[in-house]
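Here's query.cif, which has mmCIF, C-alpha atoms and all ligand atoms; chains and numbers go by the auth columns:
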data_query
loop_
_atom_site.group_PDB
_atom_site.id
_atom_site.type_symbol
_atom_site.label_atom_id
_atom_site.label_comp_id
_atom_site.label_asym_id
_atom_site.label_seq_id
_atom_site.Cartn_x
_atom_site.Cartn_y
_atom_site.Cartn_z
_atom_site.B_iso_or_equiv
_atom_site.auth_seq_id
_atom_site.auth_asym_id
ATOM 1 C CA MET A 1 1.489 12.064 -1.245 0.00 24 X
ATOM 2 C CA LYS A 2 2.297 11.699 -4.943 0.00 25 X
ATOM 3 C CA GLY A 3 -0.446 12.313 -7.503 0.00 26 X
ATOM 4 C CA ILE A 4 0.069 8.843 -9.007 0.00 27 X
ATOM 5 C CA VAL A 5 -1.292 7.367 -5.756 0.00 28 X
ATOM 6 C CA PHE A 6 -4.379 9.625 -5.858 0.00 29 X
ATOM 7 C CA ASN A 7 -5.049 8.822 -9.499 0.00 30 X
ATOM 8 C CA GLU A 8 -4.898 5.089 -8.813 0.00 31 X
ATOM 9 C CA LEU A 9 -7.242 5.496 -5.830 0.00 32 X
ATOM 10 C CA ILE A 10 -9.719 7.434 -7.988 0.00 33 X
ATOM 11 C CA GLN A 11 -9.488 4.806 -10.756 0.00 34 X
ATOM 12 C CA LEU A 12 -10.274 2.049 -8.266 0.00 35 X
ATOM 13 C CA ILE A 13 -13.278 3.979 -6.895 0.00 36 X
ATOM 14 C CA GLU A 14 -14.503 4.672 -10.443 0.00 37 X
ATOM 15 C CA SER A 15 -14.349 0.961 -11.211 0.00 38 X
ATOM 16 C CA ILE A 16 -16.639 0.314 -8.227 0.00 39 X
ATOM 17 C CA ILE A 17 -19.179 3.173 -8.297 0.00 40 X
ATOM 18 C CA GLY A 18 -18.723 4.596 -11.810 0.00 41 X
ATOM 19 C CA GLU A 19 -17.410 7.928 -13.089 0.00 42 X
ATOM 20 C CA VAL A 20 -20.444 10.096 -12.313 0.00 43 X
ATOM 21 C CA GLN A 21 -20.746 9.010 -8.675 0.00 44 X
ATOM 22 C CA THR A 22 -16.980 9.391 -8.270 0.00 45 X
ATOM 23 C CA GLU A 23 -17.160 12.967 -9.524 0.00 46 X
ATOM 24 C CA HIS A 24 -19.899 13.734 -6.984 0.00 47 X
ATOM 25 C CA LEU A 25 -17.851 12.065 -4.270 0.00 48 X
ATOM 26 C CA LEU A 26 -14.800 14.214 -5.088 0.00 49 X
ATOM 27 C CA GLU A 27 -16.903 17.398 -5.082 0.00 50 X
ATOM 28 C CA ASP A 28 -18.418 16.356 -1.786 0.00 51 X
ATOM 29 C CA ALA A 29 -15.022 15.699 -0.222 0.00 52 X
ATOM 30 C CA ASP A 30 -14.232 19.438 -0.453 0.00 53 X
ATOM 31 C CA LEU A 31 -10.581 18.924 -1.424 0.00 54 X
ATOM 32 C CA ASN A 32 -8.036 21.782 -1.604 0.00 55 X
ATOM 33 C CA SER A 33 -6.707 20.381 -4.876 0.00 56 X
ATOM 34 C CA GLY A 34 -10.223 20.263 -6.301 0.00 57 X
ATOM 35 C CA GLY A 35 -9.825 16.502 -6.787 0.00 58 X
ATOM 36 C CA SER A 36 -7.561 16.762 -9.817 0.00 59 X
ATOM 37 C CA TYR A 37 -4.024 15.384 -9.523 0.00 60 X
ATOM 38 C CA THR A 38 -0.988 15.274 -11.811 0.00 61 X
ATOM 39 C CA SER A 39 1.017 12.080 -11.328 0.00 62 X
ATOM 40 C CA VAL A 40 4.272 13.839 -10.336 0.00 63 X
ATOM 41 C CA GLY A 41 2.572 16.486 -8.164 0.00 64 X
ATOM 42 C CA THR A 42 2.547 16.216 -4.365 0.00 65 X
ATOM 43 C CA TYR A 43 -0.650 16.621 -2.356 0.00 66 X
ATOM 44 C CA ASP A 44 -1.743 16.402 1.249 0.00 67 X
ATOM 45 C CA HIS A 45 -2.226 12.724 2.196 0.00 68 X
ATOM 46 C CA LYS A 46 -5.265 13.846 4.239 0.00 69 X
ATOM 47 C CA GLU A 47 -7.072 14.350 0.915 0.00 70 X
ATOM 48 C CA ALA A 48 -6.692 10.596 0.254 0.00 71 X
ATOM 49 C CA LEU A 49 -8.163 9.917 3.689 0.00 72 X
ATOM 50 C CA SER A 50 -11.111 12.253 2.975 0.00 73 X
ATOM 51 C CA ILE A 51 -11.782 10.443 -0.312 0.00 74 X
ATOM 52 C CA VAL A 52 -11.623 7.067 1.450 0.00 75 X
ATOM 53 C CA GLN A 53 -13.979 8.282 4.190 0.00 76 X
ATOM 54 C CA LYS A 54 -16.506 9.662 1.680 0.00 77 X
ATOM 55 C CA PHE A 55 -16.398 6.378 -0.223 0.00 78 X
ATOM 56 C CA SER A 56 -17.013 4.306 2.879 0.00 79 X
ATOM 57 C CA LYS A 57 -19.930 6.538 3.906 0.00 80 X
ATOM 58 C CA LEU A 58 -21.472 6.317 0.448 0.00 81 X
ATOM 59 C CA THR A 59 -21.103 2.550 0.138 0.00 82 X
ATOM 60 C CA GLN A 60 -21.477 1.807 3.864 0.00 83 X
ATOM 61 C CA SER A 61 -18.195 -0.063 3.778 0.00 84 X
ATOM 62 C CA ASN A 62 -15.254 -0.115 6.087 0.00 85 X
ATOM 63 C CA THR A 63 -12.399 2.387 5.432 0.00 86 X
ATOM 64 C CA ASP A 64 -9.737 -0.216 6.245 0.00 87 X
ATOM 65 C CA GLN A 65 -11.310 -2.585 3.734 0.00 88 X
ATOM 66 C CA LEU A 66 -11.066 0.020 0.967 0.00 89 X
ATOM 67 C CA LEU A 67 -7.429 0.736 1.877 0.00 90 X
ATOM 68 C CA ILE A 68 -6.641 -3.000 1.742 0.00 91 X
ATOM 69 C CA SER A 69 -8.317 -3.267 -1.690 0.00 92 X
ATOM 70 C CA PHE A 70 -6.445 -0.168 -2.759 0.00 93 X
ATOM 71 C CA GLY A 71 -3.168 -1.769 -1.628 0.00 94 X
ATOM 72 C CA ARG A 72 -3.956 -4.826 -3.764 0.00 95 X
ATOM 73 C CA HIS A 73 -4.793 -2.585 -6.723 0.00 96 X
ATOM 74 C CA LEU A 74 -1.587 -0.549 -6.289 0.00 97 X
ATOM 75 C CA GLY A 75 0.419 -3.765 -5.970 0.00 98 X
ATOM 76 C CA LYS A 76 -0.806 -4.853 -9.412 0.00 99 X
ATOM 77 C CA VAL A 77 0.107 -1.439 -10.858 0.00 100 X
ATOM 78 C CA PHE A 78 3.622 -1.530 -9.335 0.00 101 X
ATOM 79 C CA VAL A 79 4.338 -4.996 -10.784 0.00 102 X
ATOM 80 C CA VAL A 80 3.605 -3.677 -14.277 0.00 103 X
ATOM 81 C CA LYS A 81 5.290 -0.282 -13.851 0.00 104 X
ATOM 82 C CA TYR A 82 8.365 -1.368 -11.909 0.00 105 X
ATOM 83 C CA PRO A 83 9.040 -5.039 -12.830 0.00 106 X
ATOM 84 C CA ASP A 84 12.743 -4.797 -11.895 0.00 107 X
ATOM 85 C CA PHE A 85 11.879 -4.497 -8.197 0.00 108 X
ATOM 86 C CA TYR A 86 10.157 -7.879 -8.365 0.00 109 X
ATOM 87 C CA LYS A 87 13.142 -9.857 -9.639 0.00 110 X
ATOM 88 C CA HIS A 88 13.484 -11.886 -6.466 0.00 111 X
ATOM 89 C CA LYS A 89 13.380 -15.593 -5.659 0.00 112 X
ATOM 90 C CA ASN A 90 10.480 -15.226 -3.229 0.00 113 X
ATOM 91 C CA VAL A 91 8.364 -12.738 -1.283 0.00 114 X
ATOM 92 C CA PHE A 92 10.779 -12.731 1.688 0.00 115 X
ATOM 93 C CA PHE A 93 13.660 -11.426 -0.447 0.00 116 X
ATOM 94 C CA PHE A 94 11.330 -8.863 -2.024 0.00 117 X
ATOM 95 C CA LEU A 95 10.145 -7.585 1.370 0.00 118 X
ATOM 96 C CA GLN A 96 13.723 -7.492 2.662 0.00 119 X
ATOM 97 C CA SER A 97 14.548 -5.053 -0.155 0.00 120 X
ATOM 98 C CA LEU A 98 11.504 -2.831 0.474 0.00 121 X
ATOM 99 C CA ASP A 99 12.961 -0.383 2.976 0.00 122 X
ATOM 100 C CA SER A 100 16.635 -0.548 1.986 0.00 123 X
ATOM 101 C CA TYR A 101 16.233 -0.518 -1.778 0.00 124 X
ATOM 102 C CA ILE A 102 12.714 -0.056 -3.244 0.00 125 X
ATOM 103 C CA HIS A 103 11.551 2.908 -1.208 0.00 126 X
ATOM 104 C CA VAL A 104 15.114 4.338 -1.263 0.00 127 X
ATOM 105 C CA SER A 105 14.910 4.295 -5.079 0.00 128 X
ATOM 106 C CA VAL A 106 11.455 5.936 -4.922 0.00 129 X
ATOM 107 C CA LYS A 107 12.925 8.686 -2.720 0.00 130 X
ATOM 108 C CA LYS A 108 15.770 9.248 -5.232 0.00 131 X
ATOM 109 C CA LEU A 109 13.256 9.544 -8.053 0.00 132 X
ATOM 110 C CA TYR A 110 10.826 11.721 -6.058 0.00 133 X
ATOM 111 C CA PRO A 111 12.700 13.495 -3.227 0.00 134 X
ATOM 112 C CA ASP A 112 9.400 14.807 -1.839 0.00 135 X
ATOM 113 C CA ALA A 113 7.835 11.320 -1.573 0.00 136 X
ATOM 114 C CA GLU A 114 6.443 10.555 1.878 0.00 137 X
ATOM 115 C CA LEU A 115 7.311 6.987 2.705 0.00 138 X
ATOM 116 C CA PRO A 116 6.797 4.714 5.682 0.00 139 X
ATOM 117 C CA SER A 117 9.660 2.735 7.190 0.00 140 X
ATOM 118 C CA PHE A 118 9.808 -1.046 7.420 0.00 141 X
ATOM 119 C CA ASN A 119 11.938 -3.261 9.634 0.00 142 X
ATOM 120 C CA PHE A 120 12.141 -6.978 9.119 0.00 143 X
ATOM 121 C CA GLU A 121 13.311 -9.924 11.159 0.00 144 X
ATOM 122 C CA MET A 122 13.518 -13.495 9.921 0.00 145 X
ATOM 123 C CA ILE A 123 12.347 -15.782 12.746 0.00 146 X
ATOM 124 C CA ASN A 124 13.537 -18.748 10.667 0.00 147 X
ATOM 125 C CA ASP A 125 13.656 -19.431 6.916 0.00 148 X
ATOM 126 C CA LYS A 126 9.849 -19.777 6.759 0.00 149 X
ATOM 127 C CA GLU A 127 8.638 -16.934 8.996 0.00 150 X
ATOM 128 C CA MET A 128 9.232 -13.210 8.794 0.00 151 X
ATOM 129 C CA LEU A 129 8.210 -10.317 11.045 0.00 152 X
ATOM 130 C CA LEU A 130 7.727 -6.999 9.264 0.00 153 X
ATOM 131 C CA THR A 131 7.044 -3.750 11.107 0.00 154 X
ATOM 132 C CA TYR A 132 5.338 -0.809 9.406 0.00 155 X
ATOM 133 C CA GLN A 133 5.956 2.625 10.921 0.00 156 X
ATOM 134 C CA SER A 134 4.665 5.919 9.543 0.00 157 X
ATOM 135 C CA VAL A 135 3.365 9.317 10.572 0.00 158 X
ATOM 136 C CA ARG A 136 0.475 8.514 8.200 0.00 159 X
ATOM 137 C CA PRO A 137 -2.258 5.969 9.012 0.00 160 X
ATOM 138 C CA PHE A 138 -1.764 3.680 6.004 0.00 161 X
ATOM 139 C CA ALA A 139 -1.099 0.305 7.645 0.00 162 X
ATOM 140 C CA PRO A 140 -4.134 -1.263 5.848 0.00 163 X
ATOM 141 C CA LEU A 141 -2.667 -0.013 2.555 0.00 164 X
ATOM 142 C CA ALA A 142 0.585 -1.787 3.450 0.00 165 X
ATOM 143 C CA GLN A 143 -1.469 -4.895 4.282 0.00 166 X
ATOM 144 C CA GLY A 144 -3.062 -4.896 0.806 0.00 167 X
ATOM 145 C CA LEU A 145 0.297 -4.332 -0.878 0.00 168 X
ATOM 146 C CA ILE A 146 1.836 -7.259 1.021 0.00 169 X
ATOM 147 C CA LEU A 147 -1.149 -9.509 0.195 0.00 170 X
ATOM 148 C CA GLU A 148 -0.849 -8.668 -3.490 0.00 171 X
ATOM 149 C CA THR A 149 2.896 -9.300 -3.426 0.00 172 X
ATOM 150 C CA ILE A 150 2.292 -12.715 -1.839 0.00 173 X
ATOM 151 C CA SER A 151 -0.138 -13.512 -4.694 0.00 174 X
ATOM 152 C CA TYR A 152 2.425 -12.341 -7.232 0.00 175 X
ATOM 153 C CA PHE A 153 5.107 -14.665 -5.841 0.00 176 X
ATOM 154 C CA GLY A 154 2.796 -17.685 -5.873 0.00 177 X
ATOM 155 C CA GLN A 155 0.425 -17.523 -2.877 0.00 178 X
ATOM 156 C CA LYS A 156 2.333 -19.935 -0.693 0.00 179 X
ATOM 157 C CA GLU A 157 2.522 -17.539 2.270 0.00 180 X
ATOM 158 C CA SER A 158 -0.060 -16.310 4.732 0.00 181 X
ATOM 159 C CA LEU A 159 -0.211 -12.895 6.383 0.00 182 X
ATOM 160 C CA THR A 160 -1.161 -12.261 10.012 0.00 183 X
ATOM 161 C CA ILE A 161 -1.378 -8.918 11.805 0.00 184 X
ATOM 162 C CA LEU A 162 0.071 -9.453 15.264 0.00 185 X
ATOM 163 C CA ASN A 163 -0.412 -5.894 16.478 0.00 186 X
ATOM 164 C CA SER A 164 -1.283 -2.425 15.180 0.00 187 X
ATOM 165 C CA GLY A 165 -2.038 1.012 16.556 0.00 188 X
ATOM 166 C CA LYS A 166 -0.309 4.254 17.512 0.00 189 X
ATOM 167 C CA ASN A 167 3.003 4.859 19.258 0.00 190 X
ATOM 168 C CA GLU A 168 5.282 7.883 19.874 0.00 191 X
ATOM 169 C CA ASN A 169 6.362 7.813 16.202 0.00 192 X
ATOM 170 C CA GLY A 170 2.874 7.693 14.707 0.00 193 X
ATOM 171 C CA HIS A 171 1.186 4.591 13.339 0.00 194 X
ATOM 172 C CA PHE A 172 2.586 1.080 13.379 0.00 195 X
ATOM 173 C CA ALA A 173 1.626 -2.460 12.443 0.00 196 X
ATOM 174 C CA LEU A 174 3.429 -5.716 13.081 0.00 197 X
ATOM 175 C CA PHE A 175 2.928 -8.271 10.318 0.00 198 X
ATOM 176 C CA LYS A 176 3.949 -11.902 10.252 0.00 199 X
ATOM 177 C CA ILE A 177 4.440 -13.632 6.924 0.00 200 X
ATOM 178 C CA THR A 178 4.510 -17.423 7.111 0.00 201 X
ATOM 179 C CA GLN A 179 5.445 -19.761 4.335 0.00 202 X
ATOM 180 C CA GLY A 180 2.716 -22.367 3.876 0.00 203 X
ATOM 181 C CA CYS A 181 3.125 -26.053 3.170 0.00 204 X
ATOM 182 C CA GLU A 182 3.377 -26.927 -0.487 0.00 205 X
ATOM 183 C CA VAL A 183 0.759 -29.396 -1.665 0.00 206 X
ATOM 184 C CA GLN A 184 2.385 -32.797 -2.099 0.00 207 X
ATOM 185 C CA ASP A 185 1.377 -34.978 -5.067 0.00 208 X
ATOM 186 C CA GLU A 186 0.524 -38.505 -3.978 0.00 209 X
HETATM 187 C C1 LIG B . 4.789 -4.952 -0.408 0.00 1 C
HETATM 188 C C2 LIG B . 5.366 -3.905 -0.936 0.00 1 C
HETATM 189 C C3 LIG B . 5.125 -2.481 -0.503 0.00 1 C
HETATM 190 C C4 LIG B . 4.582 -1.989 0.638 0.00 1 C
HETATM 191 C C5 LIG B . 4.064 -2.778 1.831 0.00 1 C
HETATM 192 C C6 LIG B . 4.565 -0.534 0.520 0.00 1 C
HETATM 193 C C7 LIG B . 4.007 0.327 1.428 0.00 1 C
HETATM 194 C C8 LIG B . 3.731 1.659 1.216 0.00 1 C
HETATM 195 C C9 LIG B . 2.824 2.475 1.984 0.00 1 C
HETATM 196 C C10 LIG B . 2.002 1.955 3.152 0.00 1 C
HETATM 197 C C11 LIG B . 2.835 3.729 1.467 0.00 1 C
HETATM 198 C C12 LIG B . 1.990 4.957 1.933 0.00 1 C
HETATM 199 C C13 LIG B . 2.775 5.980 2.703 0.00 1 C
HETATM 200 C C14 LIG B . 2.830 5.728 4.208 0.00 1 C
HETATM 201 O O1 LIG B . 2.251 4.745 4.718 0.00 1 C
HETATM 202 O O2 LIG B . 3.484 6.520 4.924 0.00 1 C
HETATM 203 C C15 LIG B . 3.727 3.690 0.336 0.00 1 C
HETATM 204 C C16 LIG B . 3.965 4.746 -0.489 0.00 1 C
HETATM 205 C C17 LIG B . 4.586 4.625 -1.707 0.00 1 C
HETATM 206 N N1 LIG B . 5.268 3.530 -2.200 0.00 1 C
HETATM 207 FE FE1 LIG B . 5.401 1.721 -1.341 0.00 1 C
HETATM 208 N N2 LIG B . 5.137 -0.175 -0.679 0.00 1 C
HETATM 209 C C18 LIG B . 5.474 -1.330 -1.334 0.00 1 C
HETATM 210 C C19 LIG B . 6.062 -1.441 -2.562 0.00 1 C
HETATM 211 C C20 LIG B . 6.325 -0.408 -3.386 0.00 1 C
HETATM 212 C C21 LIG B . 6.870 -0.552 -4.719 0.00 1 C
HETATM 213 C C22 LIG B . 7.238 -1.859 -5.421 0.00 1 C
HETATM 214 C C23 LIG B . 6.962 0.680 -5.205 0.00 1 C
HETATM 215 C C24 LIG B . 7.461 0.963 -6.585 0.00 1 C
HETATM 216 C C25 LIG B . 8.129 1.951 -6.945 0.00 1 C
HETATM 217 C C26 LIG B . 6.478 1.635 -4.184 0.00 1 C
HETATM 218 C C27 LIG B . 6.359 2.996 -4.316 0.00 1 C
HETATM 219 C C28 LIG B . 5.695 3.834 -3.463 0.00 1 C
HETATM 220 C C29 LIG B . 5.318 5.214 -3.789 0.00 1 C
HETATM 221 C C30 LIG B . 5.580 5.946 -5.111 0.00 1 C
HETATM 222 C C31 LIG B . 4.627 5.704 -2.691 0.00 1 C
HETATM 223 C C32 LIG B . 3.988 7.090 -2.538 0.00 1 C
HETATM 224 C C33 LIG B . 4.907 8.063 -1.902 0.00 1 C
HETATM 225 C C34 LIG B . 4.195 9.415 -1.797 0.00 1 C
HETATM 226 O O3 LIG B . 3.036 9.474 -2.109 0.00 1 C
HETATM 227 O O4 LIG B . 4.807 10.435 -1.424 0.00 1 C
HETATM 228 N N3 LIG B . 6.118 0.922 -3.074 0.00 1 C
HETATM 229 N N4 LIG B . 4.283 2.427 0.206 0.00 1 C
#

Would you put the structure from the file into structure tokens?
Amino acid sequence: MKGIVFNELIQLIESIIGEVQTEHLLEDADLNSGGSYTSVGTYDHKEALSIVQKFSKLTQSNTDQLLISFGRHLGKVFVVKYPDFYKHKNVFFFLQSLDSYIHVSVKKLYPDAELPSFNFEMINDKEMLLTYQSVRPFAPLAQGLILETISYFGQKESLTILNSGKNENGHFALFKITQGCEVQDE
């Protein structure tokens, strides 16, 4: 996993428990990298999972919840760093470009990037099914990223997880994104 992802995770944790506690947490996590990451470097994604697990133990919080918050945090960072990817009419068009364009561009930029795959299906013009598939267990991270993207495009959609778990290809989650009703002025 790219160092930029680790650095953002550490920044988020620092904002919650402070720098000193975060340093202790990283020491405690016994990481091969020593807990120091350069943004273009590539590191074992299991280190991110160890950091998340240590954080949840320390704060007695749920690991999925931290990954969802991290997804939201990363979503905000991506909007600022890569605004061109967000030039779409709505969240459906954005998500349709995720697998075929956004992550393809990431792979061109960083050939060693480890990315999940996404498949989408429009049920009708207001409902979309999106499947996450990865050898890594980051479906809650995807959930947070989708939630943040919905907020970015105006919060008119809701997100439901229809199914998630493990299959022969690793980890999967089936998301449904539904366009909500717009509030009518009387
Ligand atoms: C709703 C939108 C998005 C979703 C749901 C999503 C999902 C994910 C997930 C879950 C991962 C972790 C790897 C895995 O699960 O196997 C990931 C990695 C990554 N994504 Fe996305 N992503 C989104 C948008 C973006 C955008 C806009 C960018 C901007 C360039 C981006 C760049 C990356 C990068 C750099 C990584 C790390 C690759 C690595 O560490 O090797 N993603 N993405």

Each chain X residue no farther than 8 Å from ligand LIG 1 (chain C), nearest pair in Å, all atoms listed in the file, as a Markdown table:
| residue | atom | partner | partner_atom | distance |
| --- | --- | --- | --- | --- |
| X:Met24 | CA | C:LIG1 | O3 | 3.1 |
| X:Lys25 | CA | C:LIG1 | O3 | 3.7 |
| X:Gly26 | CA | C:LIG1 | O3 | 7.0 |
| X:Ile27 | CA | C:LIG1 | C30 | 7.3 |
| X:Val28 | CA | C:LIG1 | O3 | 6.0 |
| X:Thr65 | CA | C:LIG1 | O4 | 6.9 |
| X:His68 | CA | C:LIG1 | O3 | 7.5 |
| X:Gly94 | CA | C:LIG1 | C10 | 8.0 |
| X:Gly98 | CA | C:LIG1 | C19 | 7.0 |
| X:Phe101 | CA | C:LIG1 | C22 | 5.3 |
| X:Val102 | CA | C:LIG1 | C22 | 6.9 |
| X:Lys104 | CA | C:LIG1 | C24 | 7.7 |
| X:Tyr105 | CA | C:LIG1 | C24 | 5.9 |
| X:Phe108 | CA | C:LIG1 | C22 | 6.0 |
| X:Tyr109 | CA | C:LIG1 | C22 | 7.3 |
| X:Phe117 | CA | C:LIG1 | C1 | 7.8 |
| X:Leu118 | CA | C:LIG1 | C1 | 6.2 |
| X:Leu121 | CA | C:LIG1 | C19 | 6.4 |
| X:Ile125 | CA | C:LIG1 | C21 | 6.0 |
| X:His126 | CA | C:LIG1 | C26 | 6.0 |
| X:Ser128 | CA | C:LIG1 | C25 | 7.4 |
| X:Val129 | CA | C:LIG1 | C25 | 5.6 |
| X:Tyr133 | CA | C:LIG1 | O4 | 7.7 |
| X:Asp135 | CA | C:LIG1 | O4 | 6.4 |
| X:Ala136 | CA | C:LIG1 | O4 | 3.2 |
| X:Glu137 | CA | C:LIG1 | O4 | 3.7 |
| X:Leu138 | CA | C:LIG1 | O2 | 4.4 |
| X:Pro139 | CA | C:LIG1 | O2 | 3.8 |
| X:Ser140 | CA | C:LIG1 | O2 | 7.6 |
| X:Tyr155 | CA | C:LIG1 | C10 | 7.6 |
| X:Gln156 | CA | C:LIG1 | O1 | 7.5 |
| X:Ser157 | CA | C:LIG1 | O2 | 4.8 |
| X:Val158 | CA | C:LIG1 | O2 | 6.3 |
| X:Arg159 | CA | C:LIG1 | O2 | 4.9 |
| X:Pro160 | CA | C:LIG1 | O1 | 6.3 |
| X:Phe161 | CA | C:LIG1 | O1 | 4.3 |
| X:Ala162 | CA | C:LIG1 | C10 | 5.7 |
| X:Pro163 | CA | C:LIG1 | C10 | 7.4 |
| X:Leu164 | CA | C:LIG1 | C10 | 5.1 |
| X:Ala165 | CA | C:LIG1 | C5 | 4.0 |
| X:Gln166 | CA | C:LIG1 | C5 | 6.4 |
| X:Gly167 | CA | C:LIG1 | C5 | 7.5 |
| X:Leu168 | CA | C:LIG1 | C1 | 4.6 |
| X:Ile169 | CA | C:LIG1 | C1 | 4.0 |
| X:Leu170 | CA | C:LIG1 | C1 | 7.5 |
| X:Glu171 | CA | C:LIG1 | C1 | 7.4 |
| X:Thr172 | CA | C:LIG1 | C1 | 5.6 |

Check your understanding: For this file, the PyMOL selection byres (((chain X and resi 61) around 8) and not hetatm) selects which residues, as a list in words?
Key -> Gly26, Ile27, Asn30, Ser59, Tyr60, Ser62, Val63 and Gly64 of chain X

Review point. Expressed in Å to a single decimal, how great is the separation between atom CA of Asn186 of chain X and atom CA of Leu152 of chain X?
Key: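 Separating atom CA of Asn186 of chain X from atom CA of Leu152 of chain X is a distance of 11.1 Å.
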
Exercise for review: Using atom CA of Gln44 of chain X and atom CA of Gln83 of chain X as the two end points, give the distance in Å to one decimal.
Suggested key: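 Distance reported for this atom pair: 14.5 Å.
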
Practice item. Please evaluate the PyMOL selection byres (((chain X and resi 33) around 10) and not hetatm) against the structure above and give the resulting residues as a list in words. Key: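 On this input, the PyMOL selection byres (((chain X and resi 33) around 10) and not hetatm) captures Ile27, Val28, Phe29, Asn30, Glu31, Leu32, Gln34, Leu35, Ile36, Glu37, Ser38, Ile39, Glu42, Thr45, Glu46, Leu49, Gly58, Ser59, Tyr60, Ala71, Ile74, Val75 and Phe93 of chain X.
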
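Among the candidates X:Asp51, X:Glu191, X:Asp87, X:Glu144, the residue lying nearest to Glu70 of chain X is X:Asp51 (atoms considered: only C-alpha atoms).
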
Point to revise | X:Thr154, X:Ser73, X:Ser92, X:Asn147 ranked by distance to Asp122 of chain X, top pick (using all atoms listed in the file) | key: X:Thr154

Practice item. Write out as an MDAnalysis selection string which residues come within 12 Å of Lys179 of chain X when counting all atoms listed in the file, dropping same-chain ones fewer than 6 positions away. Key: chainID X and resid 113:115 149:150 170 172:173 200:206

Point to revise | Computed interatomic separation between atom CA of Phe78 of chain X and atom CA of Lys189 of chain X (Å) | key: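 Result for atom CA of Phe78 of chain X versus atom CA of Lys189 of chain X: 24.0 Å, one decimal.
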
Give the padded box for segment 179-184 of chain X as AutoDock Vina command-line options: axis-aligned, covering all atoms listed in the file, 5 Å on each side, centre and edge lengths in Å to one decimal.
--center_x 0.6 --center_y -14.4 --center_z 5.6 --size_x 13.9 --size_y 21.0 --size_z 22.5

Exercise for review: Choose the residue, out of X:Gly188, X:Ser79, X:Met151, X:Lys110, that has the smallest atom-to-atom separation from Tyr175 of chain X; count all atoms listed in the file.
Suggested key: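 The answer is X:Lys110, which sits nearest to Tyr175 of chain X.
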